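Chemist: You'll find data.cif just under this line, and it carries mmCIF, C-alpha atoms and all ligand atoms.
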data_upload
#
loop_
_atom_site.label_atom_id
_atom_site.label_comp_id
_atom_site.auth_asym_id
_atom_site.auth_seq_id
_atom_site.Cartn_x
_atom_site.Cartn_y
_atom_site.Cartn_z
CA MET A 284 69.68 29.01 2.04
CA SER A 285 70.69 26.19 4.37
CA ALA A 286 69.42 22.73 3.47
CA LYS A 287 66.99 22.49 6.41
CA PRO A 288 64.06 24.87 6.01
CA ILE A 289 63.88 27.41 8.82
CA ARG A 290 60.31 28.17 9.82
CA THR A 291 60.89 29.93 13.13
CA ALA A 292 63.91 31.90 14.32
CA LEU A 293 64.99 34.16 17.15
CA VAL A 294 67.54 36.83 16.21
CA THR A 295 68.79 39.19 18.90
CA GLY A 296 69.96 42.64 17.81
CA ASN A 297 67.92 42.69 14.61
CA SER A 298 67.30 46.44 14.34
CA SER A 299 70.39 46.92 12.13
CA GLY A 300 73.48 45.29 10.66
CA LEU A 301 73.88 41.53 10.49
CA GLY A 302 70.80 40.85 12.64
CA LEU A 303 68.61 42.87 10.28
CA GLY A 304 70.18 41.15 7.27
CA LEU A 305 69.48 37.73 8.79
CA THR A 306 65.92 38.74 9.63
CA ARG A 307 65.22 39.90 6.07
CA ARG A 308 66.78 36.81 4.49
CA LEU A 309 64.91 34.46 6.83
CA MET A 310 61.59 36.26 6.27
CA ARG A 311 62.11 36.08 2.50
CA GLU A 312 62.41 32.31 2.91
CA GLY A 313 59.10 32.27 4.79
CA ALA A 314 60.36 32.10 8.36
CA ALA A 315 58.63 33.70 11.34
CA VAL A 316 61.33 35.80 13.02
CA TYR A 317 61.29 36.99 16.63
CA GLY A 318 63.70 39.73 17.66
CA LEU A 319 65.02 41.82 20.54
CA SER A 320 66.80 45.18 20.38
CA ARG A 321 66.57 48.68 21.84
CA SER A 322 65.30 50.44 18.73
CA GLY A 323 63.14 47.69 17.21
CA CYS A 324 63.28 45.87 13.88
CA PRO A 325 62.15 47.97 10.89
CA GLU A 326 60.50 44.89 9.32
CA SER A 327 57.12 43.54 10.47
CA THR A 328 58.36 40.41 12.09
CA ALA A 329 56.39 37.74 13.95
CA GLY A 330 57.49 39.34 17.24
CA ASP A 331 59.59 42.33 18.27
CA VAL A 332 60.29 43.42 21.83
CA ARG A 333 62.38 46.46 22.69
CA VAL A 334 64.76 45.91 25.56
CA ASP A 335 68.15 47.17 26.63
CA LEU A 336 70.25 44.04 26.93
CA ALA A 337 72.49 45.88 29.41
CA ASP A 338 69.48 45.92 31.78
CA TYR A 339 69.74 42.36 33.07
CA PRO A 340 66.48 42.20 35.09
CA ALA A 341 64.49 43.40 32.06
CA ILE A 342 65.62 40.55 29.80
CA GLU A 343 63.71 37.62 31.30
CA PRO A 344 60.30 39.39 31.13
CA ALA A 345 61.13 40.58 27.60
CA ILE A 346 62.01 37.13 26.26
CA THR A 347 58.97 35.61 28.01
CA ARG A 348 56.71 38.16 26.29
CA LEU A 349 58.44 37.73 22.95
CA LEU A 350 58.21 33.94 22.86
CA ASP A 351 54.73 33.60 24.38
CA GLY A 352 53.12 30.61 22.63
CA VAL A 353 56.28 29.62 20.70
CA GLU A 354 57.03 25.90 21.11
CA ARG A 355 59.89 25.49 18.63
CA LEU A 356 62.64 27.66 17.19
CA ASP A 357 64.50 26.12 14.27
CA LEU A 358 67.28 28.67 14.71
CA VAL A 359 68.47 30.96 17.51
CA VAL A 360 71.06 33.61 16.62
CA LEU A 361 72.56 35.43 19.59
CA ASN A 362 73.75 38.35 17.49
CA ALA A 363 73.30 41.54 19.55
CA GLY A 364 76.66 43.05 20.33
CA LEU A 365 78.48 46.18 21.31
CA LEU A 366 81.99 47.22 20.19
CA GLY A 367 83.00 49.78 22.81
CA ASN A 368 86.08 51.94 22.42
CA ILE A 369 89.28 50.92 20.71
CA GLN A 370 91.79 51.70 23.45
CA SER A 371 94.58 50.36 25.61
CA MET A 372 93.52 48.24 28.58
CA GLN A 373 94.94 50.91 30.89
CA GLU A 374 92.64 53.53 29.38
CA ALA A 375 89.55 51.32 29.54
CA ASP A 376 86.90 52.37 32.01
CA ILE A 377 85.68 49.55 34.22
CA GLY A 378 82.06 50.64 33.74
CA GLU A 379 82.46 50.22 29.98
CA LEU A 380 84.21 46.86 30.36
CA ARG A 381 81.33 45.64 32.53
CA GLN A 382 78.76 46.90 30.05
CA LEU A 383 80.48 45.00 27.22
CA MET A 384 80.33 41.81 29.27
CA ASP A 385 76.69 42.49 30.15
CA VAL A 386 75.52 42.98 26.56
CA ASN A 387 77.88 40.61 24.70
CA VAL A 388 77.83 37.73 27.19
CA TRP A 389 75.51 37.82 30.21
CA ALA A 390 72.43 39.08 28.33
CA ASN A 391 72.38 35.70 26.59
CA LYS A 392 71.93 33.83 29.87
CA PRO A 393 68.26 34.67 30.59
CA ILE A 394 67.54 34.04 26.90
CA LEU A 395 69.03 30.53 26.88
CA ASP A 396 67.62 29.80 30.35
CA HIS A 397 64.15 30.72 29.09
CA LEU A 398 64.50 28.27 26.19
CA LEU A 399 65.46 25.54 28.67
CA THR A 400 62.86 26.22 31.35
CA GLY A 401 60.12 26.95 28.81
CA GLY A 402 60.78 23.59 27.13
CA ILE A 403 61.13 25.33 23.76
CA GLU A 404 62.61 22.93 21.23
CA VAL A 405 65.63 24.48 19.49
CA GLY A 406 67.03 23.26 16.18
CA GLN A 407 70.36 25.15 16.20
CA ILE A 408 72.05 27.89 18.23
CA VAL A 409 74.64 30.27 16.78
CA ALA A 410 76.23 33.02 18.87
CA ILE A 411 77.88 35.69 16.76
CA SER A 412 81.44 36.01 17.99
CA SER A 413 84.46 37.59 16.32
CA GLY A 414 88.02 36.94 15.23
CA ALA A 415 88.83 39.43 18.01
CA ALA A 416 87.95 36.66 20.48
CA VAL A 417 91.25 34.98 19.68
CA SER A 418 93.48 37.56 17.95
CA GLY A 419 94.22 39.70 21.01
CA ASN A 420 95.40 42.68 18.97
CA PHE A 421 96.26 45.94 20.71
CA GLY A 422 93.22 48.15 21.16
CA TRP A 423 90.40 45.60 21.07
CA SER A 424 90.01 45.88 24.80
CA GLY A 425 86.69 44.83 26.36
CA TYR A 426 85.27 43.68 23.02
CA SER A 427 87.94 40.96 22.67
CA ILE A 428 87.52 39.91 26.28
CA SER A 429 83.73 39.71 25.94
CA LYS A 430 83.90 37.66 22.71
CA ALA A 431 86.47 35.27 24.23
CA ALA A 432 84.12 34.88 27.20
CA LEU A 433 81.20 34.38 24.82
CA ASN A 434 83.03 31.48 23.19
CA MET A 435 83.43 29.73 26.54
CA PHE A 436 79.86 30.64 27.54
CA VAL A 437 78.65 28.84 24.41
CA GLN A 438 80.91 25.86 25.02
CA LEU A 439 79.48 25.48 28.52
CA TYR A 440 75.82 25.97 27.49
CA ALA A 441 76.26 23.40 24.72
CA HIS A 442 76.24 20.71 27.43
CA GLU A 443 72.78 21.88 28.46
CA PHE A 444 71.38 21.64 24.93
CA PRO A 445 72.49 18.07 24.12
CA GLU A 446 70.13 17.75 21.16
CA THR A 447 70.98 21.15 19.65
CA PRO A 448 74.12 21.97 17.64
CA THR A 449 75.44 25.05 19.44
CA HIS A 450 78.38 27.14 18.21
CA SER A 451 80.02 30.53 18.42
CA LEU A 452 80.73 31.88 14.94
CA ALA A 453 83.02 34.67 13.74
CA PRO A 454 81.15 36.00 10.69
CA GLY A 455 84.08 37.84 9.08
CA LEU A 456 84.06 41.55 8.31
CA ILE A 457 80.68 43.14 7.57
CA HIS A 458 79.97 46.69 6.48
CA THR A 459 77.75 47.82 9.39
CA ALA A 460 77.58 50.63 11.94
CA MET A 461 80.34 48.87 13.87
CA GLN A 462 82.75 49.22 10.93
CA GLU A 463 81.74 52.86 10.44
CA PHE A 464 83.01 53.47 13.95
CA ILE A 465 86.23 51.53 13.27
CA SER A 466 86.88 53.57 10.12
CA GLU A 467 87.47 56.64 12.31
CA VAL A 468 90.08 55.06 14.58
CA ASP A 469 93.74 56.18 14.41
CA THR A 470 95.54 53.31 12.67
CA GLU A 471 98.99 54.68 13.48
CA ARG A 472 98.26 53.93 17.11
CA PHE A 473 96.23 50.77 16.45
CA PRO A 474 97.86 49.12 13.39
CA ALA A 475 95.62 46.03 13.55
CA LEU A 476 92.79 48.22 12.26
CA LYS A 477 94.61 49.04 9.00
CA ARG A 478 93.43 45.74 7.48
CA LEU A 479 89.83 46.58 8.41
CA GLN A 480 89.95 50.09 7.01
CA ALA A 481 91.52 48.76 3.79
CA ALA A 482 88.73 46.16 3.46
CA ARG A 483 85.97 48.80 3.28
CA GLY A 484 84.28 48.81 -0.08
CA THR A 485 85.91 45.51 -1.12
CA GLU A 486 84.61 41.94 -1.22
CA ALA A 487 86.41 41.31 2.05
CA MET A 488 83.76 43.44 3.79
CA PRO A 489 80.34 42.58 2.34
CA ASP A 490 77.13 44.37 3.24
CA ASN A 491 74.83 42.97 5.90
CA ASP A 492 72.60 41.21 3.38
CA THR A 493 75.47 39.27 1.74
CA ALA A 494 77.03 38.48 5.12
CA ALA A 495 73.67 37.20 6.40
CA GLN A 496 73.41 34.84 3.44
CA ARG A 497 76.93 33.54 4.14
CA VAL A 498 75.96 32.84 7.76
CA LEU A 499 72.79 31.04 6.70
CA ASP A 500 74.69 29.06 4.06
CA SER A 501 77.14 27.89 6.73
CA LEU A 502 74.50 26.42 9.05
CA GLU A 503 74.54 22.94 7.57
CA GLN A 504 78.36 22.74 7.73
CA LEU A 505 78.29 24.13 11.24
CA ARG A 506 75.97 21.36 12.37
CA ALA A 507 78.70 18.87 11.44
CA VAL A 508 81.25 20.58 13.74
CA PRO A 509 81.36 19.21 17.31
CA THR A 510 78.90 21.19 19.40
CA GLY A 511 80.23 23.95 21.63
CA ARG A 512 83.10 24.91 19.29
CA PHE A 513 84.12 28.34 18.05
CA VAL A 514 84.21 28.50 14.25
CA ASP A 515 85.53 31.23 11.98
CA LEU A 516 83.28 31.40 8.91
CA ARG A 517 86.34 32.22 6.75
CA GLU A 518 87.88 28.86 7.71
CA LEU A 519 84.81 26.66 7.16
N1 LIG B 601 80.53 44.24 11.61
C1 LIG B 601 81.56 43.40 11.67
O1 LIG B 601 82.52 43.49 10.90
C2 LIG B 601 81.53 42.29 12.69
C3 LIG B 601 82.62 41.39 12.70
C4 LIG B 601 82.62 40.36 13.63
C5 LIG B 601 81.57 40.21 14.50
N2 LIG B 601 80.52 41.09 14.48
C6 LIG B 601 79.41 40.86 15.41
O2 LIG B 601 78.20 40.85 14.68
C7 LIG B 601 77.12 41.19 15.57
C8 LIG B 601 76.25 42.25 14.92
O3 LIG B 601 77.01 43.45 14.78
P1 LIG B 601 76.81 44.46 13.57
O4 LIG B 601 78.12 44.63 12.91
O5 LIG B 601 75.63 44.08 12.78
O6 LIG B 601 76.58 45.83 14.38
P2 LIG B 601 75.33 46.80 14.53
O7 LIG B 601 74.81 47.20 13.20
O8 LIG B 601 75.81 47.84 15.47
O9 LIG B 601 74.21 45.89 15.22
C9 LIG B 601 74.23 45.58 16.57
C10 LIG B 601 72.86 45.08 16.98
O10 LIG B 601 72.91 44.76 18.38
C11 LIG B 601 71.91 45.47 19.06
N3 LIG B 601 72.34 45.92 20.38
C12 LIG B 601 73.51 46.52 20.70
N4 LIG B 601 73.49 46.88 22.00
C13 LIG B 601 72.28 46.50 22.49
C14 LIG B 601 71.65 46.62 23.75
N5 LIG B 601 72.26 47.20 24.80
N6 LIG B 601 70.40 46.13 23.90
C15 LIG B 601 69.76 45.56 22.85
N7 LIG B 601 70.30 45.41 21.64
C16 LIG B 601 71.54 45.89 21.46
C17 LIG B 601 71.62 46.70 18.19
O11 LIG B 601 70.29 47.14 18.41
P3 LIG B 601 69.88 48.56 19.08
O12 LIG B 601 70.98 49.52 18.82
O13 LIG B 601 68.58 48.87 18.42
O14 LIG B 601 69.72 48.22 20.52
C18 LIG B 601 71.78 46.14 16.79
O15 LIG B 601 70.58 45.55 16.35
C19 LIG B 601 77.78 41.65 16.87
O16 LIG B 601 77.74 40.61 17.84
C20 LIG B 601 79.21 41.93 16.46
O17 LIG B 601 80.10 41.81 17.54
C21 LIG B 601 80.47 42.13 13.58
#
Output the structure of this file as structure tokens.
Modeler:
Amino acid sequence: MSAKPIRTALVTGNSSGLGLGLTRRLMREGAAVYGLSRSGCPESTAGDVRVDLADYPAIEPAITRLLDGVERLDLVVLNAGLLGNIQSMQEADIGELRQLMDVNVWANKPILDHLLTGGIEVGQIVAISSGAAVSGNFGWSGYSISKAALNMFVQLYAHEFPETPTHSLAPGLIHTAMQEFISEVDTERFPALKRLQAARGTEAMPDNDTAAQRVLDSLEQLRAVPTGRFVDLREL
């Protein structure tokens, strides 16, 4: 666990994968966890609101309801994310590209704005990004674009949270639903995915519980990195 005890946390996208792993780990350490997702967190958390983060107008009322009475969050993890199709840019549908930006980037705006306007004290903000934000490999399409935009979104918001270490973090490979989808992609056409498919079942692709612990263990080190930066957990 990170050196600073975490008593309250907000984790978006905590119905499965990394978000669920983080929620379970934090709860085991005694934290009250608040979460947002479409299908709901299977754990009995301190607060759980179901919302489609692609539905922009629904987010502000959802976060207001979720954080009613909360005055401090030791940790905010903007984790919810969508992969979309692995495809060439030419094949990508503009509706899908927009949806990826909506969920992976813009959905975080009403959440951070609520923390600012509600005067909620925040100890640390981590937005879950990806190596795809910088690698630019063929096929990553709207996902790469949205994660690159997320990195800049975080860098800009960091100015507005001057007391709060704020970073975007690539967590490394994690065996979740997202990787299940990737395992079906044609690697002859998209060679960059060969490394991911080969990592399945190895230490290079831990389960969500192990990956969550790695993220939590990195928090202290992350706080020492200049705020606003993108960090790859594998390089910390
Ligand atoms: N797995 C990896 O190897 C890997 C690597 C690098 C980065 N990441 C990042 O890690 C984060 C978590 O991904 P994961 O691998 O844990 O995938 P996951 O198991 O598919 O989890 C994604 C989470 O985001 C939520 N979400 C997705 N679309 C949503 C929407 N429209 N509205 C509300 N919630 C939504 C999902 O909840 P509902 O479906 O219930 O809505 C779910 O809780 C993502 O940001 C992803 O980009 C993953």
Chemist: Could you work out how far atom CA of Leu366 of chain A lies from atom O7 of ligand LIG 601 (chain B), giving the answer in Å with one decimal?
Modeler: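 About the pair atom O7 of ligand LIG 601 (chain B) and atom CA of Leu366 of chain A: they are 10.0 Å apart.
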Chemist: 8 Å from ligand LIG 601 (chain B) is the threshold here; counting only C-alpha atoms and all ligand atoms, which polymer residues fall inside it? Answer as a ChimeraX atom specification.
Modeler: /A:295-303,319-324,333-338,361-366,386-387,410-415,426,430,453-462,488,491
Chemist: Go through A:Ala475, A:Ala390, A:Ala314, A:Ala416 one by one, measure the shortest atom-to-atom distance of each to Pro340 of chain A using only C-alpha atoms, and give the residue with the smallest value.
Modeler: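 Between A:Ala475, A:Ala390, A:Ala314, A:Ala416, the residue approaching Pro340 of chain A most closely is A:Ala390.
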Chemist: Residues within 10 Å of Ser451 of chain A, please, as a PyMOL selection string. Count all atoms listed in the file; anything in the same chain fewer than 5 positions from it doesn't count.
Modeler: chain A and resi 360-361+408-413+430-431+433-438+505+510-515
Chemist: Go through A:Asn368, A:Ser424, A:Gln496, A:Gln373 one by one, measure the shortest atom-to-atom distance of each to Leu309 of chain A using only C-alpha atoms, and give the residue with the smallest value.
Modeler: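 Selected residue with least distance to Leu309 of chain A: A:Gln496.
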Chemist: For the atom pair atom CA of Asp376 of chain A and atom CA of Glu343 of chain A, what is the interatomic distance in Å to one decimal place?
Modeler: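 Distance reported for this atom pair: 27.5 Å.
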Chemist: Smallest atom-to-atom distance to Asn391 of chain A: which of A:Phe464, A:Tyr440, A:Tyr317, A:Phe473, using all atoms listed in the file?
Modeler: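 Looking at the shortest contact to Asn391 of chain A, the residue is A:Tyr440.
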Chemist: Residues at most 8 Å from Asp492 of chain A, counting only C-alpha atoms, excluding those fewer than 5 positions away in the same chain, as a PDB file with C-alpha atoms, keeping the file's coordinate frame?
Modeler:
ATOM      1  CA  LEU A 301      73.880  41.530  10.490  1.00  0.00           C
ATOM      2  CA  GLY A 304      70.180  41.150   7.270  1.00  0.00           C
ATOM      3  CA  LEU A 305      69.480  37.730   8.790  1.00  0.00           C
ATOM      4  CA  ARG A 307      65.220  39.900   6.070  1.00  0.00           C
ATOM      5  CA  ARG A 308      66.780  36.810   4.490  1.00  0.00           C
TER       6      ARG A 308
END
Chemist: Atom CA of Leu380 of chain A and atom CA of Gly425 of chain A are how many Å apart?
Modeler: 5.1 Å
Chemist: May I ask which of the residues A:Thr493, A:Ser371, A:Thr449, A:Thr306 is the closest one to Arg506 of chain A, counting all atoms listed in the file?
Modeler: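 Of A:Thr493, A:Ser371, A:Thr449, A:Thr306, the one nearest Arg506 of chain A is A:Thr449, counting all atoms listed in the file.
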Chemist: Choose the residue, out of A:Leu358, A:Ile465, A:Leu395, A:Ile369, that has the smallest atom-to-atom separation from Val498 of chain A; count all atoms listed in the file.
Modeler: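 Counting all atoms listed in the file, the residue closest to Val498 of chain A is A:Leu358.
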